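This is model-v6.txt (compact mmCIF, C-alpha atoms).
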```txt
# COMPACT_ATOMS: atom_id res chain seq x y z
CA MET A 1 0.00 0.00 0.00
CA LYS A 2 2.81 2.33 0.98
CA ARG A 3 4.66 1.39 -2.20
CA ILE A 4 1.63 2.23 -4.36
CA ALA A 5 1.28 5.58 -2.59
CA ILE A 6 4.95 6.46 -3.09
CA TRP A 7 5.00 5.60 -6.77
CA SER A 8 1.62 6.99 -7.71
CA GLY A 9 2.51 10.19 -5.83
CA THR A 10 5.85 10.46 -7.62
CA ILE A 11 4.38 9.83 -11.06
CA ALA A 12 1.52 12.26 -10.39
CA ILE A 13 3.96 15.00 -9.32
CA LEU A 14 6.17 14.44 -12.36
CA LEU A 15 3.24 14.40 -14.80
CA LEU A 16 1.81 17.53 -13.19
CA ALA A 17 5.20 19.21 -13.47
CA VAL A 18 5.47 18.38 -17.18
CA ALA A 19 1.90 19.41 -17.96
CA GLY A 20 2.17 22.58 -15.85
CA MET A 21 5.44 23.54 -17.49
CA ILE A 22 4.07 23.06 -21.01
CA TRP A 23 1.00 25.11 -20.09
CA ALA A 24 3.12 27.87 -18.51
CA VAL A 25 5.49 28.11 -21.49
CA LYS A 26 2.63 28.15 -23.98
CA ASN A 27 0.82 30.85 -22.05
CA SER A 28 3.91 32.96 -21.56
CA ASN A 29 4.49 32.95 -25.30
CA ASN A 30 5.42 36.48 -26.21
CA THR A 31 2.55 36.98 -28.58
CA GLU A 32 -1.20 36.62 -28.73
CA SER A 33 -1.25 39.11 -25.94
CA GLY A 34 -3.08 41.96 -27.51
CA ASP A 35 -3.69 44.27 -30.35
CA LEU A 36 -1.37 46.72 -31.97
CA ALA A 37 -1.70 49.85 -29.87
CA VAL A 38 0.08 52.18 -32.30
CA PRO A 39 -1.42 52.25 -35.81
CA VAL A 40 0.93 52.16 -38.77
CA SER A 41 1.84 55.66 -39.88
CA ALA A 42 4.12 57.48 -42.29
CA SER A 43 6.88 57.57 -39.68
CA ASP A 44 7.13 53.76 -39.77
CA ARG A 45 9.78 51.89 -41.73
CA MET A 46 7.74 50.05 -44.28
CA LYS A 47 8.25 47.91 -47.36
CA GLY A 48 6.05 45.97 -49.73
CA ASN A 49 2.84 47.42 -51.09
CA PRO A 50 2.10 50.62 -49.11
CA GLU A 51 -1.51 50.58 -50.30
CA SER A 52 -2.17 47.02 -49.13
CA ALA A 53 -4.81 46.33 -46.53
CA ILE A 54 -2.70 43.45 -45.17
CA THR A 55 -0.09 44.69 -42.73
CA LEU A 56 2.55 42.68 -40.96
CA VAL A 57 4.28 44.54 -38.12
CA GLU A 58 7.35 43.15 -36.41
CA TYR A 59 8.73 44.37 -33.09
CA SER A 60 12.34 43.34 -33.23
CA ASP A 61 15.73 43.75 -31.62
CA PHE A 62 18.79 43.61 -33.88
CA GLN A 63 20.80 41.81 -31.20
CA CYS A 64 18.23 39.11 -30.57
CA PRO A 65 19.24 35.77 -32.12
CA ALA A 66 15.62 34.74 -32.65
CA CYS A 67 15.00 37.99 -34.59
CA LYS A 68 17.98 37.17 -36.76
CA SER A 69 16.55 33.74 -37.49
CA TYR A 70 13.21 35.32 -38.50
CA TYR A 71 14.94 37.85 -40.76
CA PRO A 72 15.44 35.49 -43.77
CA ILE A 73 11.91 34.16 -43.27
CA VAL A 74 10.45 37.66 -43.49
CA GLU A 75 12.70 38.43 -46.47
CA LYS A 76 11.41 35.34 -48.26
CA LEU A 77 7.83 36.30 -47.38
CA MET A 78 8.34 39.75 -48.84
CA ASP A 79 9.85 38.27 -52.00
CA GLU A 80 6.70 36.24 -52.41
CA TYR A 81 4.07 38.61 -51.05
CA GLY A 82 5.72 42.01 -51.55
CA SER A 83 3.02 43.16 -53.93
CA LYS A 84 0.17 41.98 -51.70
CA ILE A 85 1.17 43.01 -48.19
CA ARG A 86 3.13 45.69 -46.39
CA PHE A 87 5.71 44.97 -43.74
CA VAL A 88 6.59 47.36 -40.94
CA TYR A 89 9.70 47.02 -38.80
CA ARG A 90 9.62 48.56 -35.32
CA HIS A 91 12.37 48.64 -32.74
CA PHE A 92 12.06 46.86 -29.43
CA PRO A 93 15.60 46.94 -27.98
CA LEU A 94 15.74 44.60 -24.99
CA PRO A 95 17.56 45.88 -21.90
CA GLN A 96 19.96 42.92 -21.80
CA HIS A 97 21.22 43.68 -25.31
CA THR A 98 23.64 46.56 -24.96
CA ASN A 99 24.11 46.99 -28.70
CA ALA A 100 20.42 46.82 -29.58
CA ARG A 101 19.85 50.58 -29.24
CA PRO A 102 22.96 51.72 -31.18
CA THR A 103 22.10 49.35 -34.04
CA ALA A 104 18.48 50.50 -34.09
CA ILE A 105 19.63 54.12 -34.24
CA ALA A 106 22.17 53.26 -36.96
CA ALA A 107 19.40 51.70 -39.06
CA GLU A 108 17.32 54.84 -38.60
CA ALA A 109 20.31 57.03 -39.47
CA ALA A 110 20.76 55.00 -42.67
CA GLY A 111 17.02 55.39 -43.23
CA ASN A 112 17.48 59.16 -43.25
CA GLN A 113 19.63 58.58 -46.32
CA GLY A 114 17.13 56.18 -47.88
CA LYS A 115 18.94 52.98 -46.90
CA PHE A 116 17.09 51.70 -43.83
CA TRP A 117 16.50 48.22 -45.25
CA GLU A 118 20.03 47.90 -46.58
CA MET A 119 21.36 48.74 -43.13
CA HIS A 120 18.76 46.47 -41.49
CA ASN A 121 20.07 43.57 -43.60
CA MET A 122 23.69 44.51 -43.03
CA ILE A 123 23.17 44.61 -39.24
CA PHE A 124 21.47 41.22 -39.12
CA ASP A 125 23.98 39.67 -41.53
CA HIS A 126 26.86 40.74 -39.27
CA GLN A 127 25.16 40.19 -35.91
CA THR A 128 27.84 37.83 -34.61
CA GLU A 129 30.54 40.42 -35.36
CA TRP A 130 29.13 43.46 -33.57
CA ALA A 131 27.00 41.80 -30.87
CA PRO A 132 29.93 40.96 -28.54
CA LEU A 133 31.57 44.40 -28.90
CA ALA A 134 31.61 46.79 -25.97
CA ASP A 135 31.13 49.66 -28.42
CA SER A 136 29.56 48.87 -31.78
CA LYS A 137 29.84 52.38 -33.23
CA ASP A 138 32.95 51.71 -35.35
CA ALA A 139 31.46 48.55 -36.80
CA LEU A 140 28.23 50.40 -37.63
CA LEU A 141 30.18 53.20 -39.22
CA SER A 142 32.02 50.69 -41.40
CA TYR A 143 28.65 49.27 -42.54
CA ALA A 144 27.47 52.80 -43.34
CA GLU A 145 30.58 53.33 -45.44
CA ALA A 146 30.11 49.98 -47.17
CA LEU A 147 26.59 51.07 -48.09
CA GLY A 148 27.94 54.30 -49.53
CA LEU A 149 26.28 56.55 -46.97
CA ASP A 150 27.44 60.08 -46.27
CA LYS A 151 29.66 59.42 -43.26
CA GLU A 152 29.36 62.87 -41.69
CA ARG A 153 25.60 62.91 -41.95
CA PHE A 154 25.37 59.35 -40.66
CA LEU A 155 27.44 60.24 -37.57
CA GLN A 156 25.41 63.37 -36.99
CA ASP A 157 22.15 61.44 -37.20
CA PHE A 158 23.57 58.60 -35.11
CA ASP A 159 24.12 61.03 -32.24
CA SER A 160 20.88 62.92 -32.71
CA SER A 161 18.28 62.88 -29.97
CA GLU A 162 15.58 62.75 -32.63
CA LEU A 163 16.50 59.24 -33.74
CA GLN A 164 17.01 58.10 -30.16
CA LYS A 165 13.49 59.32 -29.46
CA LYS A 166 12.17 57.44 -32.49
CA VAL A 167 13.62 54.19 -31.15
CA GLU A 168 12.29 54.89 -27.65
CA ASP A 169 8.86 55.71 -29.11
CA ASP A 170 8.84 52.36 -30.93
CA LEU A 171 9.78 50.62 -27.69
CA ALA A 172 7.06 52.45 -25.73
CA GLY A 173 4.51 51.61 -28.44
CA GLY A 174 5.54 47.96 -28.25
CA MET A 175 5.04 47.97 -24.50
CA ARG A 176 1.60 49.48 -24.96
CA SER A 177 0.88 46.64 -27.37
CA SER A 178 1.91 44.17 -24.62
CA VAL A 179 5.04 43.06 -26.46
CA ARG A 180 6.99 40.98 -23.96
CA GLY A 181 9.72 39.54 -26.13
CA THR A 182 11.23 39.68 -29.56
CA PRO A 183 10.33 39.12 -32.24
CA THR A 184 6.61 39.75 -31.88
CA PHE A 185 4.49 39.92 -35.00
CA PHE A 186 1.14 41.61 -35.51
CA LEU A 187 -0.89 40.67 -38.55
CA ASN A 188 -3.54 43.24 -39.37
CA GLY A 189 -3.26 44.65 -35.89
CA ALA A 190 -3.60 41.38 -33.98
CA ALA A 191 -0.67 39.66 -32.32
CA ILE A 192 0.11 36.24 -33.75
CA ALA A 193 2.02 33.36 -32.19
CA ASN A 194 5.46 33.26 -33.73
CA PRO A 195 5.19 30.88 -36.70
CA ARG A 196 7.61 27.98 -36.37
CA SER A 197 8.37 27.71 -40.05
CA TYR A 198 8.12 29.59 -43.31
CA ASP A 199 5.11 27.50 -44.31
CA GLU A 200 3.30 28.31 -41.08
CA PHE A 201 3.97 32.01 -41.67
CA LYS A 202 2.76 31.66 -45.24
CA ARG A 203 -0.47 30.03 -44.09
CA ALA A 204 -1.11 32.92 -41.69
CA ILE A 205 -0.56 35.47 -44.46
CA ASP A 206 -2.68 33.47 -46.92
CA ALA A 207 -5.49 33.34 -44.37
CA ALA A 208 -5.29 37.11 -43.95
CA ILE A 209 -5.32 37.68 -47.72
CA THR A 210 -8.19 35.29 -48.31
CA PRO A 211 -10.41 35.32 -45.24
CA ALA A 212 -12.38 32.16 -44.59
CA PRO A 213 -15.94 32.39 -45.94
CA MET B 214 24.62 4.30 14.89
CA PRO B 215 21.42 6.29 15.34
CA GLN B 216 22.82 9.21 13.31
CA SER B 217 23.03 7.36 10.01
CA PRO B 218 19.37 6.67 9.23
CA ARG B 219 18.45 10.28 9.94
CA ARG B 220 21.38 11.58 7.92
CA LEU B 221 20.46 9.24 5.11
CA LYS B 222 16.84 10.40 5.18
CA HIS B 223 17.87 14.07 5.11
CA ALA B 224 20.44 13.54 2.37
CA LEU B 225 17.90 11.60 0.32
CA ALA B 226 15.35 14.37 0.72
CA TRP B 227 17.90 16.95 -0.45
CA PHE B 228 18.94 14.64 -3.29
CA LEU B 229 15.35 14.28 -4.47
CA GLY B 230 14.80 18.04 -4.11
CA ALA B 231 17.92 18.90 -6.11
CA GLY B 232 17.01 16.35 -8.74
CA PHE B 233 13.47 17.71 -9.02
CA ILE B 234 14.70 21.31 -9.33
CA GLY B 235 17.19 20.24 -12.01
CA PHE B 236 14.41 18.36 -13.77
CA LEU B 237 12.05 21.37 -13.78
CA ASP B 238 14.83 23.70 -14.89
CA SER B 239 15.97 21.50 -17.81
CA LEU B 240 12.39 20.69 -18.69
CA TYR B 241 11.64 24.41 -19.03
CA LEU B 242 14.55 24.91 -21.44
CA ALA B 243 13.64 21.79 -23.43
CA ILE B 244 9.98 22.85 -23.72
CA THR B 245 10.85 26.39 -24.82
CA HIS B 246 13.08 24.82 -27.45
CA PHE B 247 10.33 22.61 -28.86
CA ILE B 248 7.55 25.17 -28.59
CA GLY B 249 9.78 27.90 -30.01
CA SER B 250 9.06 30.27 -27.18
CA PRO B 251 11.65 32.81 -25.99
CA VAL B 252 13.43 31.96 -22.74
CA THR B 253 12.29 34.33 -20.02
CA CYS B 254 15.50 35.76 -18.65
CA GLY B 255 14.17 38.38 -16.22
CA PHE B 256 16.93 40.57 -14.82
CA PHE B 257 19.60 38.17 -15.98
CA THR B 258 21.22 38.36 -19.37
CA GLY B 259 22.55 35.86 -21.83
CA CYS B 260 19.77 33.24 -21.77
CA ASP B 261 18.87 33.63 -25.43
CA VAL B 262 22.52 33.87 -26.46
CA VAL B 263 23.35 30.58 -24.74
CA THR B 264 20.15 28.70 -25.54
CA SER B 265 20.30 29.65 -29.21
CA SER B 266 24.02 28.89 -29.58
CA ILE B 267 25.27 25.93 -31.57
CA TYR B 268 26.38 24.36 -28.28
CA SER B 269 22.81 24.15 -26.99
CA SER B 270 21.94 21.05 -29.00
CA VAL B 271 23.47 17.85 -30.27
CA ALA B 272 22.19 16.54 -33.60
CA GLY B 273 19.14 18.77 -33.26
CA ILE B 274 18.29 17.48 -29.79
CA PRO B 275 18.54 20.19 -27.12
CA ILE B 276 21.06 19.43 -24.38
CA ALA B 277 18.33 20.50 -21.94
CA LEU B 278 16.34 17.40 -22.91
CA PHE B 279 19.28 15.16 -22.00
CA GLY B 280 19.50 17.13 -18.74
CA ALA B 281 15.80 16.60 -17.98
CA LEU B 282 16.14 12.86 -18.60
CA TYR B 283 19.28 12.76 -16.46
CA TYR B 284 17.51 14.38 -13.50
CA LEU B 285 14.40 12.28 -14.03
CA PHE B 286 16.59 9.18 -13.88
CA TRP B 287 18.03 10.19 -10.49
CA VAL B 288 14.69 11.26 -9.06
CA LEU B 289 13.12 7.93 -10.00
CA LEU B 290 16.12 6.03 -8.73
CA GLY B 291 16.06 8.03 -5.49
CA VAL B 292 12.38 7.27 -4.95
CA TRP B 293 13.07 3.63 -5.73
CA TYR B 294 15.77 3.55 -3.05
CA LEU B 295 13.48 5.29 -0.60
CA ASP B 296 10.93 2.61 -1.25
CA SER B 297 13.14 -0.48 -1.48
CA ARG B 298 16.50 0.43 0.12
CA ASN B 299 18.00 -1.50 -2.77
CA THR B 300 21.78 -1.07 -2.67
CA LEU B 301 22.02 -0.90 -6.46
CA PHE B 302 21.20 2.79 -6.01
CA LEU B 303 24.31 3.23 -3.84
CA THR B 304 26.38 1.40 -6.43
CA LEU B 305 25.11 3.68 -9.22
CA LEU B 306 25.58 6.92 -7.26
CA PRO B 307 29.18 7.56 -8.47
CA LEU B 308 27.63 8.07 -11.92
CA THR B 309 26.50 11.51 -10.70
CA ALA B 310 30.12 12.45 -11.48
CA ILE B 311 29.13 12.34 -15.17
CA GLY B 312 26.51 15.06 -14.67
CA PHE B 313 28.95 17.08 -12.60
CA ALA B 314 31.66 16.80 -15.28
CA VAL B 315 29.23 17.72 -18.07
CA SER B 316 28.13 20.76 -16.03
CA LEU B 317 31.73 21.89 -15.66
CA ILE B 318 32.26 21.56 -19.42
CA LEU B 319 29.06 23.52 -20.15
CA ILE B 320 30.04 26.28 -17.73
CA GLY B 321 33.43 26.43 -19.46
CA ILE B 322 31.72 26.76 -22.87
CA GLN B 323 29.51 29.57 -21.53
CA LEU B 324 32.40 31.46 -19.95
CA PHE B 325 35.13 31.00 -22.52
CA ILE B 326 33.46 30.35 -25.86
CA ILE B 327 29.99 31.89 -25.90
CA ASP B 328 30.95 34.59 -23.40
CA ALA B 329 27.47 34.68 -21.91
CA ILE B 330 25.88 33.05 -18.90
CA CYS B 331 22.44 31.50 -18.88
CA VAL B 332 20.89 31.52 -15.43
CA TYR B 333 18.94 28.31 -16.11
CA CYS B 334 22.13 26.52 -17.14
CA MET B 335 23.79 27.69 -13.93
CA LEU B 336 20.85 26.41 -11.89
CA SER B 337 21.19 23.07 -13.63
CA ALA B 338 24.92 23.05 -12.88
CA ALA B 339 24.12 23.76 -9.21
CA SER B 340 21.63 20.88 -9.18
CA SER B 341 24.05 18.39 -10.71
CA THR B 342 26.77 19.55 -8.30
CA ALA B 343 24.37 19.04 -5.41
CA LEU B 344 23.56 15.52 -6.65
CA PHE B 345 27.27 14.75 -6.90
CA VAL B 346 28.08 16.05 -3.40
CA LEU B 347 25.04 14.37 -1.85
CA SER B 348 25.97 11.09 -3.51
CA PHE B 349 28.95 10.85 -1.12
CA VAL B 350 26.78 11.55 1.92
CA ILE B 351 24.14 9.04 0.84
CA ARG B 352 26.71 6.35 0.07
CA ASN B 353 28.35 6.86 3.44
CA ALA B 354 25.15 6.86 5.38
CA GLY B 355 23.57 4.15 3.25
CA GLN B 356 26.46 1.77 3.58
CA SER B 357 26.60 2.14 7.35
CA GLU B 358 22.88 1.41 7.54
CA THR B 359 22.24 -2.33 7.42
CA PRO B 360 21.01 -2.95 3.91
CA ALA B 361 17.50 -4.30 3.91
CA ILE B 362 17.78 -5.65 0.40
CA THR B 363 20.75 -6.13 -1.80
CA TYR B 364 20.29 -5.59 -5.47
CA SER B 365 20.82 -9.26 -6.29
CA SER B 366 17.88 -10.26 -4.16
CA ALA B 367 15.61 -7.51 -5.35
CA ILE B 368 16.00 -7.87 -9.08
```
Structure encoded using structure tokens:
Amino acid sequence: MKRIAIWSGTIAILLLAVAGMIWAVKNSNNTESGDLAVPVSASDRMKGNPESAITLVEYSDFQCPACKSYYPIVEKLMDEYGSKIRFVYRHFPLPQHTNARPTAIAAEAAGNQGKFWEMHNMIFDHQTEWAPLADSKDALLSYAEALGLDKERFLQDFDSSELQKKVEDDLAGGMRSSVRGTPTFFLNGAAIANPRSYDEFKRAIDAAITPAP
Amino acid sequence: MPQSPRRLKHALAWFLGAGFIGFLDSLYLAITHFIGSPVTCGFFTGCDVVTSSIYSSVAGIPIALFGALYYLFWVLLGVWYLDSRNTLFLTLLPLTAIGFAVSLILIGIQLFIIDAICVYCMLSAASSTALFVLSFVIRNAGQSETPAITYSSAI
């Protein structure tokens, strides 16, 4: 009797632990938490079809490895759906990533010279190079030069409070939208669970383009 | 020796506790890996760097899953010993050195290769260290307690 109690108790505790943990992780998923609090506007960094009614917004952090792994997925999506949807990139620099803010500001500074997306790609492509640096400014400057940006203007913009404010505004907007981690995607204003594959992402976009009858 | 049974009971309780904590900790990392959810790092840094590094999995299987199975093995074995006092458990206890050694290697990888510390990995290292240290106490106390059943008679 005692033996049955010990073993059934142990198995019950372990099963409860596994089930509870799966439930907790699923429910703490960084998405599905709310709606997009800040509507897309002209100040957003956008690509694809600006007239499209289908909008995909990503809150992202350049230093986040998961964001880097979603970057080629989003690129591929835009190659396929660029004429049908619009994609908006917003900054959500996490406090533990010391180079997240400088890279976000560098992307915005490049954006002032019409090369936001080029810098966005450059930053993600070289994430492993600049992420461990104590000061990423020189690396970012070298990317700006490689993209043919006006160096003086880039440096001026990089240090401007205006671009810092833009990044902070994105972050604040993300918090208002209950973003708790990166990346977080909003499709037509509603948070979606991070798709686990390109096909899953594609299905979500297809469903938004062709709503179920 | 009236001290031994009590010491054994306490050490076993700590052993089971450490094993259970290690199990929960590794389970969390393994589940986040399979569900694709970000690891909640709180005030600590480096969780996502470590858990998304190439060192976090072997042949596509997250190391955390091996960890969870390792702790589950010791918890079940500990409960089995509690129930049966089978001395096979005492014989197997030196194998906790494997977990301890793996933890040391993983801490080394975090410190010297990835250059980031994951708080969950450190908690797991603490759990496996506790299992290793407690294994000595349990063996000592267990061997001085008259064995109720030897593993040859129980199997």
Taking a cut-off of 12 Å and counting only C-alpha atoms, can you build a table that, for each residue of chain A near chain B, reports the nearest atom pair and how far apart they are in Å (one decimal), sorted by chain then residue number, as a tab-separated table?
```
residue	atom	partner	partner_atom	distance
A:Met1	CA	B:Asp296	CA	11.3
A:Lys2	CA	B:Asp296	CA	8.4
A:Arg3	CA	B:Asp296	CA	6.5
A:Ile4	CA	B:Asp296	CA	9.8
A:Ala5	CA	B:Asp296	CA	10.2
A:Ile6	CA	B:Asp296	CA	7.3
A:Trp7	CA	B:Val292	CA	7.8
A:Ser8	CA	B:Val292	CA	11.1
A:Gly9	CA	B:Val292	CA	10.3
A:Thr10	CA	B:Val292	CA	7.7
A:Ile11	CA	B:Leu289	CA	9.0
A:Ile13	CA	B:Phe233	CA	9.9
A:Leu14	CA	B:Phe233	CA	8.7
A:Leu15	CA	B:Leu237	CA	11.3
A:Leu16	CA	B:Leu237	CA	11.0
A:Ala17	CA	B:Leu237	CA	7.2
A:Val18	CA	B:Leu240	CA	7.5
A:Ala19	CA	B:Ile244	CA	10.5
A:Gly20	CA	B:Tyr241	CA	10.2
A:Met21	CA	B:Tyr241	CA	6.4
A:Ile22	CA	B:Ile244	CA	6.5
A:Trp23	CA	B:Ile244	CA	9.9
A:Ala24	CA	B:Tyr241	CA	9.2
A:Val25	CA	B:Thr245	CA	6.5
A:Lys26	CA	B:Ile248	CA	7.4
A:Asn27	CA	B:Ser250	CA	9.7
A:Ser28	CA	B:Ser250	CA	8.1
A:Asn29	CA	B:Ser250	CA	5.6
A:Asn30	CA	B:Pro251	CA	7.2
A:Thr31	CA	B:Ser250	CA	9.5
A:Gln63	CA	B:Val262	CA	9.4
A:Cys64	CA	B:Asp261	CA	7.5
A:Pro65	CA	B:Val262	CA	6.8
A:Ala66	CA	B:Ser265	CA	7.7
A:Cys67	CA	B:Pro251	CA	10.6
A:Lys68	CA	B:Ser265	CA	10.9
A:Ser69	CA	B:Ser265	CA	10.0
A:Tyr70	CA	B:Gly249	CA	11.8
A:Leu94	CA	B:Thr258	CA	10.0
A:Pro95	CA	B:Thr258	CA	8.7
A:Gln96	CA	B:Thr258	CA	5.3
A:His97	CA	B:Thr258	CA	8.0
A:Thr98	CA	B:Thr258	CA	10.2
A:Gln127	CA	B:Val262	CA	11.7
A:Thr128	CA	B:Val262	CA	10.5
A:Ala131	CA	B:Val262	CA	10.1
A:Pro132	CA	B:Asp328	CA	8.2
A:Leu133	CA	B:Asp328	CA	11.3
A:Arg180	CA	B:Thr253	CA	9.4
A:Gly181	CA	B:Pro251	CA	7.0
A:Thr182	CA	B:Pro251	CA	7.8
A:Pro183	CA	B:Pro251	CA	9.0
A:Thr184	CA	B:Pro251	CA	10.4
A:Ala193	CA	B:Ser250	CA	9.2
A:Asn194	CA	B:Gly249	CA	7.8
A:Pro195	CA	B:Gly249	CA	8.6
A:Arg196	CA	B:Gly249	CA	6.7
A:Ser197	CA	B:Gly249	CA	10.1
```
Shell around segment 220-222 of chain B at 8 Å using all atoms listed in the file, local window under 4 positions removed, as a compact mmCIF listing (two decimals) with C-alpha atoms, keeping the file's coordinate frame:
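Result written to selection_9.txt:
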```
# COMPACT_ATOMS: atom_id res chain seq x y z
CA GLN B 216 22.82 9.21 13.31
CA ALA B 226 15.35 14.37 0.72
CA VAL B 350 26.78 11.55 1.92
CA ILE B 351 24.14 9.04 0.84
CA ALA B 354 25.15 6.86 5.38
CA GLY B 355 23.57 4.15 3.25
```
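Of note, atom CA of Gly280 of chain B and atom CA of Gly232 of chain B are spaced 10.3 Å apart.
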(message) Show me, as a VMD selection string, the residues that have an atom within 9 Å of Pro102 of chain A when counting all atoms listed in the file, minus same-chain residues fewer than 6 positions from it.
(response) chain A and resid 135 to 137 140 158 164
Please return the centre and edge lengths, in Å to one decimal, of a box with edges along x, y and z that contains all listed atoms of segment 353-359 of chain B, widened by 8 Å on every side, as AutoDock Vina command-line options.
```
--center_x 25.3 --center_y 2.3 --center_z 5.4 --size_x 22.1 --size_y 25.2 --size_z 20.3
```
(request) Find the residues with any atom within 10 Å of (-7.0, 39.0, -35.9); use all atoms listed in the file and the coordinates as given in the file, and write the answer as an NGL selection string. (result) :A and (32 or 34-35 or 186-192 or 208)
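As for atom CA of Phe286 of chain B and atom CA of Thr309 of chain B, they are spaced 10.7 Å apart.
In this structure, atom CA of Ala134 of chain A sits 12.7 Å away from atom CA of Thr103 of chain A.
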(request) Go through B:Ser341, B:Cys331, B:Ala310, B:Phe325 one by one, measure the shortest atom-to-atom distance of each to Tyr284 of chain B using all atoms listed in the file, and give the residue with the smallest value. (result)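 Among the listed residues, the smallest separation from Tyr284 of chain B belongs to B:Ser341.
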